[in-house]
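Below is one structure; the comments refer to it alone.
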Amino acid sequence: MKDFWVSLSLALQGRSSPYERRPPVTVDEILDAILKMDATPPDQPRSPPAELLAFFVRWERHLHQWKQRTLADFACVSLSTVERVERAEKVSDECLDRIAVALGHDRGYLTTPRLPMGQEKAITEFVEKFGELAPVPVRRLSTQSQVRQFGNCHGCLIHRSEVGVIHDDLVSELAEWLDLASFIIGCSDMFVPSRESRRRKLYANILGCVRRLEESGLNVLGGVLDAPQPGIPDWKVAVIAITPKRTDPGAGKRRHVLVDRRSIEPPANWPRAAVTA
């Protein structure tokens with residue numbers, strides 16, 4: 001294993017001077033290194049190898065849609081430290097702990113020795129965690145046409161990762177406004193005459209609530225997930241992602257968020273069309 005790692009390190013460096021910045025390692029190269037690792041006895045705890053850490057940290061960083069510099073800043077480590085981790089090079093446990101905390105895990109998550117997980121169990125857990133995730137196109141919630149689009153959905157999912165309780169009232173107000181918009185749009189026949197000007201005022205109130213959330217230090221992104229269900233082929237859910245600007249400074253450039261499809265399933269008593277075989 002040592003000879004292999006030395007060979008891999010030299011091959012990946014590809015530099016003539018020890019002071020040159022090393023080129024990034026591709027995911028395929030990391031996975032190839034993992035496949036060539038020596039097997040660990042199933043009853044012998046060990047710390048996660050550098051190759052697995054490289055894959056995991058890169059994967060989680062991309063899920064956050066962070067640059068390496070952003071992760072380094074949140075973890076209070078140098079950019080070169082993050083680069084070394086993602087090249088499967090050795091760094092201190094203290095740096096790994098800081099990176100783990102920045103990614104939302106406890107200290108020791110990347111360093112604590114643990115029993116190896118069998119391939120079948122690893123695949124099962126991976127599918128359980130990521131298999132139902134669906135990408136949802138999102139953008140900053142800023143137009144009445146977006147609000148109208150959300151009001152035409154069957155449901156609304158508000159995700160508020162790391163948003164403190166101090167914002168509960170505003171988040172609840174936004175949810176109530178969106179519920180009202182959905183009710184008015186969905187039951188337009190009950191309101192005679194239908195006044196588009198009144199709807200525009202409603203949409204403006206919703207956007208005003210969004211602005212107050214932004215002024216309080218939050219990002220507010222929105223999108224629609226098409227999620228056909230058995231007997232409900234046109235099932236759609238409005239997805240609102242609210243995050244703190246302090247810990248998610250790149251949200252304004254985000255184009256997608258990931259949503260677990262299991263969290264947007266319709267109620268069991270929702271009317272459904274007959275499903276033919």
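Residues are referred to by chain and number: the chain letter is A, B, ... according to the order shown in the structure tokens, the number counts from 1 in that chain, and ligands are numbered separately from 1 in the order shown.
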inquiry  = Can you pull out the residues contacting segment 97-111 of chain A? Cut-off 9 Å, using only C-alpha atoms, and skip same-chain residues under 4 positions away; I want them as a PyMOL selection string.
reply    = chain A and resi 47-48+53+57+60-61+64+71-72+74-77+82+92-93
task = List every residue of segment 128-218 of chain A that DSSP, applied to the backbone of this structure, places in alpha helix (DSSP H), and write the result as a PyMOL selection string.
result = chain A and resi 128-130+144-151+168-186+196-215
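For Ala268 of chain A, the residues within 12 Å (counting only C-alpha atoms, excluding itself and residues fewer than 5 positions away along the chain) are Gln229, Pro230, Gly231 and Ile232 of chain A.
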Produce a file of the selected residues containing all heavy atoms, as a PDB file, in the first residue's frame.
```pdb
ATOM      1  N   GLN A 229     -47.333  11.683  -8.998  1.00  0.00           N
ATOM      2  CA  GLN A 229     -47.663  10.633  -8.043  1.00  0.00           C
ATOM      3  C   GLN A 229     -48.673   9.679  -8.677  1.00  0.00           C
ATOM      4  O   GLN A 229     -49.367  10.039  -9.633  1.00  0.00           O
ATOM      5  CB  GLN A 229     -48.270  11.258  -6.779  1.00  0.00           C
ATOM      6  CG  GLN A 229     -47.398  12.312  -6.127  1.00  0.00           C
ATOM      7  CD  GLN A 229     -46.179  11.733  -5.452  1.00  0.00           C
ATOM      8  OE1 GLN A 229     -46.238  10.660  -4.871  1.00  0.00           O
ATOM      9  NE2 GLN A 229     -45.057  12.450  -5.517  1.00  0.00           N
ATOM     10  N   PRO A 230     -48.770   8.465  -8.158  1.00  0.00           N
ATOM     11  CA  PRO A 230     -49.790   7.540  -8.670  1.00  0.00           C
ATOM     12  C   PRO A 230     -51.185   8.158  -8.568  1.00  0.00           C
ATOM     13  O   PRO A 230     -51.631   8.542  -7.495  1.00  0.00           O
ATOM     14  CB  PRO A 230     -49.655   6.325  -7.741  1.00  0.00           C
ATOM     15  CG  PRO A 230     -48.243   6.369  -7.265  1.00  0.00           C
ATOM     16  CD  PRO A 230     -47.915   7.831  -7.135  1.00  0.00           C
ATOM     17  N   GLY A 231     -51.847   8.312  -9.691  1.00  0.00           N
ATOM     18  CA  GLY A 231     -53.171   8.908  -9.719  1.00  0.00           C
ATOM     19  C   GLY A 231     -53.170  10.424  -9.702  1.00  0.00           C
ATOM     20  O   GLY A 231     -54.224  11.052  -9.811  1.00  0.00           O
ATOM     21  N   ILE A 232     -51.986  11.052  -9.558  1.00  0.00           N
ATOM     22  CA  ILE A 232     -51.876  12.520  -9.569  1.00  0.00           C
ATOM     23  C   ILE A 232     -50.695  12.884 -10.471  1.00  0.00           C
ATOM     24  O   ILE A 232     -49.621  13.266  -9.998  1.00  0.00           O
ATOM     25  CB  ILE A 232     -51.661  13.097  -8.160  1.00  0.00           C
ATOM     26  CG1 ILE A 232     -52.561  12.408  -7.125  1.00  0.00           C
ATOM     27  CG2 ILE A 232     -51.939  14.613  -8.146  1.00  0.00           C
ATOM     28  CD1 ILE A 232     -52.307  12.864  -5.710  1.00  0.00           C
TER      29      ILE A 232
END
```
task = Enumerate, as JSON, numbers by chain, the complete set of residues in segment 19-265 of chain A that a backbone-based DSSP assignment places in strand (DSSP E or B).
result = {"A": [46, 114, 133, 134, 135, 136, 137, 139, 140, 155, 156, 157, 158, 159, 218, 219, 220, 221, 222, 223, 224, 225, 226, 229, 232, 236, 237, 238, 239, 240, 241, 242, 243, 244, 256, 257, 258, 259, 260]}
Those same residues - N, CA, C and O atoms - I'd like them written as a short mmCIF file (atom, residue, chain, number, x, y, z; two decimals), in the first residue's frame.
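So the final result, stored in part_22.cif, reads:
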```cif
data_model
loop_
_atom_site.label_atom_id
_atom_site.label_comp_id
_atom_site.auth_asym_id
_atom_site.auth_seq_id
_atom_site.Cartn_x
_atom_site.Cartn_y
_atom_site.Cartn_z
N ARG A 46 -10.51 1.54 12.18
CA ARG A 46 -9.49 2.39 11.59
C ARG A 46 -10.10 3.74 11.24
O ARG A 46 -11.32 3.87 11.04
N ARG A 114 -13.28 3.68 13.18
CA ARG A 114 -14.56 2.95 13.15
C ARG A 114 -14.37 1.65 12.40
O ARG A 114 -13.42 1.49 11.63
N LEU A 133 -33.12 12.02 -3.72
CA LEU A 133 -32.93 13.46 -3.91
C LEU A 133 -33.22 13.87 -5.35
O LEU A 133 -32.79 13.21 -6.29
N ALA A 134 -33.96 14.95 -5.49
CA ALA A 134 -34.29 15.48 -6.81
C ALA A 134 -33.84 16.93 -6.91
O ALA A 134 -34.07 17.71 -5.98
N PRO A 135 -33.17 17.30 -8.01
CA PRO A 135 -32.75 18.70 -8.17
C PRO A 135 -33.94 19.59 -8.53
O PRO A 135 -34.76 19.23 -9.37
N VAL A 136 -34.02 20.74 -7.88
CA VAL A 136 -35.09 21.70 -8.15
C VAL A 136 -34.47 23.01 -8.61
O VAL A 136 -33.68 23.61 -7.87
N PRO A 137 -34.79 23.48 -9.83
CA PRO A 137 -34.27 24.79 -10.27
C PRO A 137 -34.82 25.89 -9.36
O PRO A 137 -36.02 25.94 -9.11
N ARG A 139 -34.29 30.22 -7.91
CA ARG A 139 -33.70 31.54 -8.03
C ARG A 139 -34.28 32.42 -6.93
O ARG A 139 -35.24 32.04 -6.26
N ARG A 140 -33.70 33.58 -6.76
CA ARG A 140 -34.16 34.49 -5.72
C ARG A 140 -35.63 34.81 -5.93
O ARG A 140 -36.08 35.09 -7.05
N GLY A 155 -48.80 22.03 -3.16
CA GLY A 155 -48.28 22.14 -1.80
C GLY A 155 -47.06 23.02 -1.78
O GLY A 155 -46.56 23.47 -2.82
N CYS A 156 -46.57 23.29 -0.58
CA CYS A 156 -45.40 24.16 -0.42
C CYS A 156 -44.49 23.56 0.65
O CYS A 156 -44.95 23.21 1.74
N LEU A 157 -43.22 23.43 0.31
CA LEU A 157 -42.21 22.93 1.25
C LEU A 157 -41.24 24.05 1.55
O LEU A 157 -40.58 24.57 0.64
N ILE A 158 -41.16 24.44 2.81
CA ILE A 158 -40.22 25.49 3.22
C ILE A 158 -39.08 24.84 3.99
O ILE A 158 -39.29 24.22 5.03
N HIS A 159 -37.88 24.94 3.42
CA HIS A 159 -36.68 24.39 4.06
C HIS A 159 -35.89 25.55 4.64
O HIS A 159 -35.53 26.48 3.93
N LEU A 218 -31.28 36.91 5.75
CA LEU A 218 -31.57 35.59 5.19
C LEU A 218 -31.62 35.62 3.67
O LEU A 218 -31.93 36.65 3.06
N ASN A 219 -31.27 34.49 3.06
CA ASN A 219 -31.49 34.28 1.64
C ASN A 219 -32.83 33.58 1.46
O ASN A 219 -33.19 32.70 2.25
N VAL A 220 -33.58 33.94 0.42
CA VAL A 220 -34.85 33.28 0.12
C VAL A 220 -34.86 32.90 -1.36
O VAL A 220 -34.91 33.77 -2.23
N LEU A 221 -34.78 31.61 -1.62
CA LEU A 221 -34.82 31.09 -2.99
C LEU A 221 -36.09 30.27 -3.18
O LEU A 221 -36.61 29.69 -2.22
N GLY A 222 -36.58 30.22 -4.40
CA GLY A 222 -37.79 29.46 -4.66
C GLY A 222 -37.75 28.76 -6.00
O GLY A 222 -37.09 29.20 -6.94
N GLY A 223 -38.48 27.64 -6.08
CA GLY A 223 -38.59 26.89 -7.32
C GLY A 223 -39.76 25.92 -7.23
O GLY A 223 -40.42 25.81 -6.20
N VAL A 224 -40.01 25.22 -8.32
CA VAL A 224 -41.13 24.27 -8.38
C VAL A 224 -40.60 22.89 -8.74
O VAL A 224 -39.82 22.74 -9.69
N LEU A 225 -41.02 21.90 -7.98
CA LEU A 225 -40.65 20.51 -8.24
C LEU A 225 -41.84 19.79 -8.85
O LEU A 225 -42.91 19.69 -8.24
N ASP A 226 -41.66 19.29 -10.08
CA ASP A 226 -42.67 18.42 -10.69
C ASP A 226 -42.46 17.02 -10.13
O ASP A 226 -41.41 16.41 -10.35
N GLN A 229 -47.33 11.68 -9.00
CA GLN A 229 -47.66 10.63 -8.04
C GLN A 229 -48.67 9.68 -8.68
O GLN A 229 -49.37 10.04 -9.63
N ILE A 232 -51.99 11.05 -9.56
CA ILE A 232 -51.88 12.52 -9.57
C ILE A 232 -50.70 12.88 -10.47
O ILE A 232 -49.62 13.27 -10.00
N LYS A 236 -47.42 19.04 -8.18
CA LYS A 236 -46.31 19.99 -8.14
C LYS A 236 -46.22 20.60 -6.74
O LYS A 236 -47.24 20.82 -6.09
N VAL A 237 -44.99 20.85 -6.32
CA VAL A 237 -44.76 21.41 -5.00
C VAL A 237 -43.84 22.62 -5.12
O VAL A 237 -42.80 22.56 -5.78
N ALA A 238 -44.24 23.72 -4.49
CA ALA A 238 -43.38 24.90 -4.41
C ALA A 238 -42.32 24.65 -3.34
O ALA A 238 -42.64 24.20 -2.24
N VAL A 239 -41.07 24.90 -3.67
CA VAL A 239 -39.96 24.69 -2.75
C VAL A 239 -39.34 26.05 -2.42
O VAL A 239 -38.89 26.76 -3.31
N ILE A 240 -39.35 26.39 -1.13
CA ILE A 240 -38.76 27.64 -0.66
C ILE A 240 -37.56 27.28 0.22
O ILE A 240 -37.71 26.57 1.22
N ALA A 241 -36.37 27.73 -0.16
CA ALA A 241 -35.16 27.47 0.61
C ALA A 241 -34.71 28.76 1.28
O ALA A 241 -34.42 29.76 0.61
N ILE A 242 -34.67 28.74 2.62
CA ILE A 242 -34.27 29.91 3.40
C ILE A 242 -33.00 29.57 4.17
O ILE A 242 -32.98 28.60 4.93
N THR A 243 -31.96 30.35 3.97
CA THR A 243 -30.68 30.11 4.65
C THR A 243 -30.08 31.42 5.13
O THR A 243 -30.36 32.49 4.56
N PRO A 244 -29.24 31.38 6.16
CA PRO A 244 -28.58 32.61 6.62
C PRO A 244 -27.53 33.08 5.63
O PRO A 244 -26.75 32.27 5.09
N HIS A 256 -29.74 25.38 -8.24
CA HIS A 256 -30.53 24.20 -7.89
C HIS A 256 -30.40 23.92 -6.40
O HIS A 256 -29.37 24.24 -5.78
N VAL A 257 -31.43 23.33 -5.82
CA VAL A 257 -31.36 22.75 -4.49
C VAL A 257 -31.83 21.31 -4.61
O VAL A 257 -32.55 20.95 -5.56
N LEU A 258 -31.42 20.47 -3.67
CA LEU A 258 -31.82 19.06 -3.68
C LEU A 258 -32.92 18.83 -2.65
O LEU A 258 -32.81 19.26 -1.50
N VAL A 259 -33.97 18.15 -3.07
CA VAL A 259 -35.13 17.88 -2.21
C VAL A 259 -35.40 16.38 -2.19
O VAL A 259 -35.37 15.72 -3.23
N ASP A 260 -35.65 15.85 -1.00
CA ASP A 260 -36.01 14.45 -0.85
C ASP A 260 -37.46 14.27 -1.29
O ASP A 260 -38.38 14.86 -0.72
#
```
inquiry  = I'd like the interatomic distance between atom CA of Glu265 of chain A and atom CA of Ile185 of chain A, to a tenth of an Å.
reply    = 21.3 Å
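Near Asn152 of chain A, within a cut-off of 7 Å and counting only C-alpha atoms, sit the residues Arg148, Gln149, Ser182, Ile185 and Gly186 of chain A, with same-chain residues fewer than 3 positions away left out.
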Those residues you just picked out, can you put them in a file as a PDB file, in the first residue's frame with N, CA, C and O atoms?
```pdb
ATOM      1  N   ARG A 148     -47.175  33.716  -8.319  1.00  0.00           N
ATOM      2  CA  ARG A 148     -48.328  33.132  -9.008  1.00  0.00           C
ATOM      3  C   ARG A 148     -48.061  31.664  -9.344  1.00  0.00           C
ATOM      4  O   ARG A 148     -48.946  30.808  -9.198  1.00  0.00           O
ATOM      5  N   GLN A 149     -46.838  31.380  -9.772  1.00  0.00           N
ATOM      6  CA  GLN A 149     -46.474  30.000 -10.088  1.00  0.00           C
ATOM      7  C   GLN A 149     -46.547  29.115  -8.838  1.00  0.00           C
ATOM      8  O   GLN A 149     -47.064  27.999  -8.883  1.00  0.00           O
ATOM      9  N   SER A 182     -52.353  30.242  -2.570  1.00  0.00           N
ATOM     10  CA  SER A 182     -52.732  28.960  -3.158  1.00  0.00           C
ATOM     11  C   SER A 182     -54.246  28.755  -3.083  1.00  0.00           C
ATOM     12  O   SER A 182     -54.873  28.279  -4.034  1.00  0.00           O
ATOM     13  N   ILE A 185     -56.039  31.226  -5.597  1.00  0.00           N
ATOM     14  CA  ILE A 185     -55.840  30.807  -6.994  1.00  0.00           C
ATOM     15  C   ILE A 185     -56.578  29.505  -7.274  1.00  0.00           C
ATOM     16  O   ILE A 185     -57.213  29.334  -8.317  1.00  0.00           O
ATOM     17  N   GLY A 186     -56.509  28.570  -6.316  1.00  0.00           N
ATOM     18  CA  GLY A 186     -57.151  27.271  -6.528  1.00  0.00           C
ATOM     19  C   GLY A 186     -58.658  27.318  -6.455  1.00  0.00           C
ATOM     20  O   GLY A 186     -59.340  26.451  -7.008  1.00  0.00           O
TER      21      GLY A 186
END
```
remark   = note - atom CA of Phe126 of chain A and atom CA of Phe56 of chain A are separated by 11.9 Å
task = Determine the nearest neighbour of Trp235 of chain A from the options A:Gly208, A:Gly131, A:Pro266, A:Pro249, counting only C-alpha atoms.
result =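 Smallest distance to Trp235 of chain A is found for A:Pro266.
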task = Rank A:Leu79, A:Leu115, A:Ala88, A:Val127 by their smallest atom-to-atom distance to Gln44 of chain A, using only C-alpha atoms, and report the top residue only.
result =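 Of all the options, A:Leu115 lies closest to Gln44 of chain A.
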query = What is the distance between atom CA of Leu174 of chain A and atom CA of Arg261 of chain A, in Å to one decimal?
reply =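 Atom CA of Arg261 of chain A lies 22.5 Å from atom CA of Leu174 of chain A.
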query = Leaving out Glu176 of chain A and any residue of its chain fewer than 6 positions from it, which residues lie within 12 Å of it when counting only C-alpha atoms, given as a PyMOL selection string?
reply = chain A and resi 151+156+158+169-170+182-183+202+205-206+209
Next, dump the selected residues to file, keeping only N, CA, C and O atoms, as a PDB file, in the first residue's frame.
```pdb
ATOM      1  N   GLY A 151     -48.405  29.663  -6.232  1.00  0.00           N
ATOM      2  CA  GLY A 151     -49.799  29.542  -5.835  1.00  0.00           C
ATOM      3  C   GLY A 151     -50.551  28.489  -6.619  1.00  0.00           C
ATOM      4  O   GLY A 151     -51.571  27.967  -6.154  1.00  0.00           O
ATOM      5  N   CYS A 156     -46.574  23.293  -0.583  1.00  0.00           N
ATOM      6  CA  CYS A 156     -45.403  24.156  -0.417  1.00  0.00           C
ATOM      7  C   CYS A 156     -44.494  23.558   0.648  1.00  0.00           C
ATOM      8  O   CYS A 156     -44.949  23.208   1.743  1.00  0.00           O
ATOM      9  N   ILE A 158     -41.162  24.444   2.812  1.00  0.00           N
ATOM     10  CA  ILE A 158     -40.218  25.491   3.223  1.00  0.00           C
ATOM     11  C   ILE A 158     -39.079  24.837   3.986  1.00  0.00           C
ATOM     12  O   ILE A 158     -39.289  24.225   5.035  1.00  0.00           O
ATOM     13  N   ASP A 169     -41.355  33.988  13.400  1.00  0.00           N
ATOM     14  CA  ASP A 169     -42.566  34.743  13.065  1.00  0.00           C
ATOM     15  C   ASP A 169     -42.599  35.115  11.585  1.00  0.00           C
ATOM     16  O   ASP A 169     -43.638  34.972  10.923  1.00  0.00           O
ATOM     17  N   LEU A 170     -41.475  35.573  11.069  1.00  0.00           N
ATOM     18  CA  LEU A 170     -41.440  35.961   9.659  1.00  0.00           C
ATOM     19  C   LEU A 170     -41.601  34.758   8.733  1.00  0.00           C
ATOM     20  O   LEU A 170     -42.295  34.833   7.714  1.00  0.00           O
ATOM     21  N   SER A 182     -52.353  30.242  -2.570  1.00  0.00           N
ATOM     22  CA  SER A 182     -52.732  28.960  -3.158  1.00  0.00           C
ATOM     23  C   SER A 182     -54.246  28.755  -3.083  1.00  0.00           C
ATOM     24  O   SER A 182     -54.873  28.279  -4.034  1.00  0.00           O
ATOM     25  N   PHE A 183     -54.838  29.133  -1.946  1.00  0.00           N
ATOM     26  CA  PHE A 183     -56.284  28.974  -1.771  1.00  0.00           C
ATOM     27  C   PHE A 183     -57.054  29.861  -2.749  1.00  0.00           C
ATOM     28  O   PHE A 183     -58.000  29.418  -3.411  1.00  0.00           O
ATOM     29  N   LEU A 202     -51.951  41.047  -3.211  1.00  0.00           N
ATOM     30  CA  LEU A 202     -51.569  39.886  -2.403  1.00  0.00           C
ATOM     31  C   LEU A 202     -50.139  39.466  -2.717  1.00  0.00           C
ATOM     32  O   LEU A 202     -49.330  39.207  -1.809  1.00  0.00           O
ATOM     33  N   ASN A 205     -47.724  41.771  -1.133  1.00  0.00           N
ATOM     34  CA  ASN A 205     -47.578  41.516   0.301  1.00  0.00           C
ATOM     35  C   ASN A 205     -46.629  40.351   0.567  1.00  0.00           C
ATOM     36  O   ASN A 205     -45.827  40.383   1.508  1.00  0.00           O
ATOM     37  N   ILE A 206     -46.723  39.324  -0.267  1.00  0.00           N
ATOM     38  CA  ILE A 206     -45.836  38.170  -0.116  1.00  0.00           C
ATOM     39  C   ILE A 206     -44.393  38.580  -0.374  1.00  0.00           C
ATOM     40  O   ILE A 206     -43.481  38.220   0.387  1.00  0.00           O
ATOM     41  N   CYS A 209     -42.953  40.420   2.496  1.00  0.00           N
ATOM     42  CA  CYS A 209     -42.507  39.527   3.565  1.00  0.00           C
ATOM     43  C   CYS A 209     -41.137  38.949   3.243  1.00  0.00           C
ATOM     44  O   CYS A 209     -40.262  38.833   4.114  1.00  0.00           O
TER      45      CYS A 209
END
```
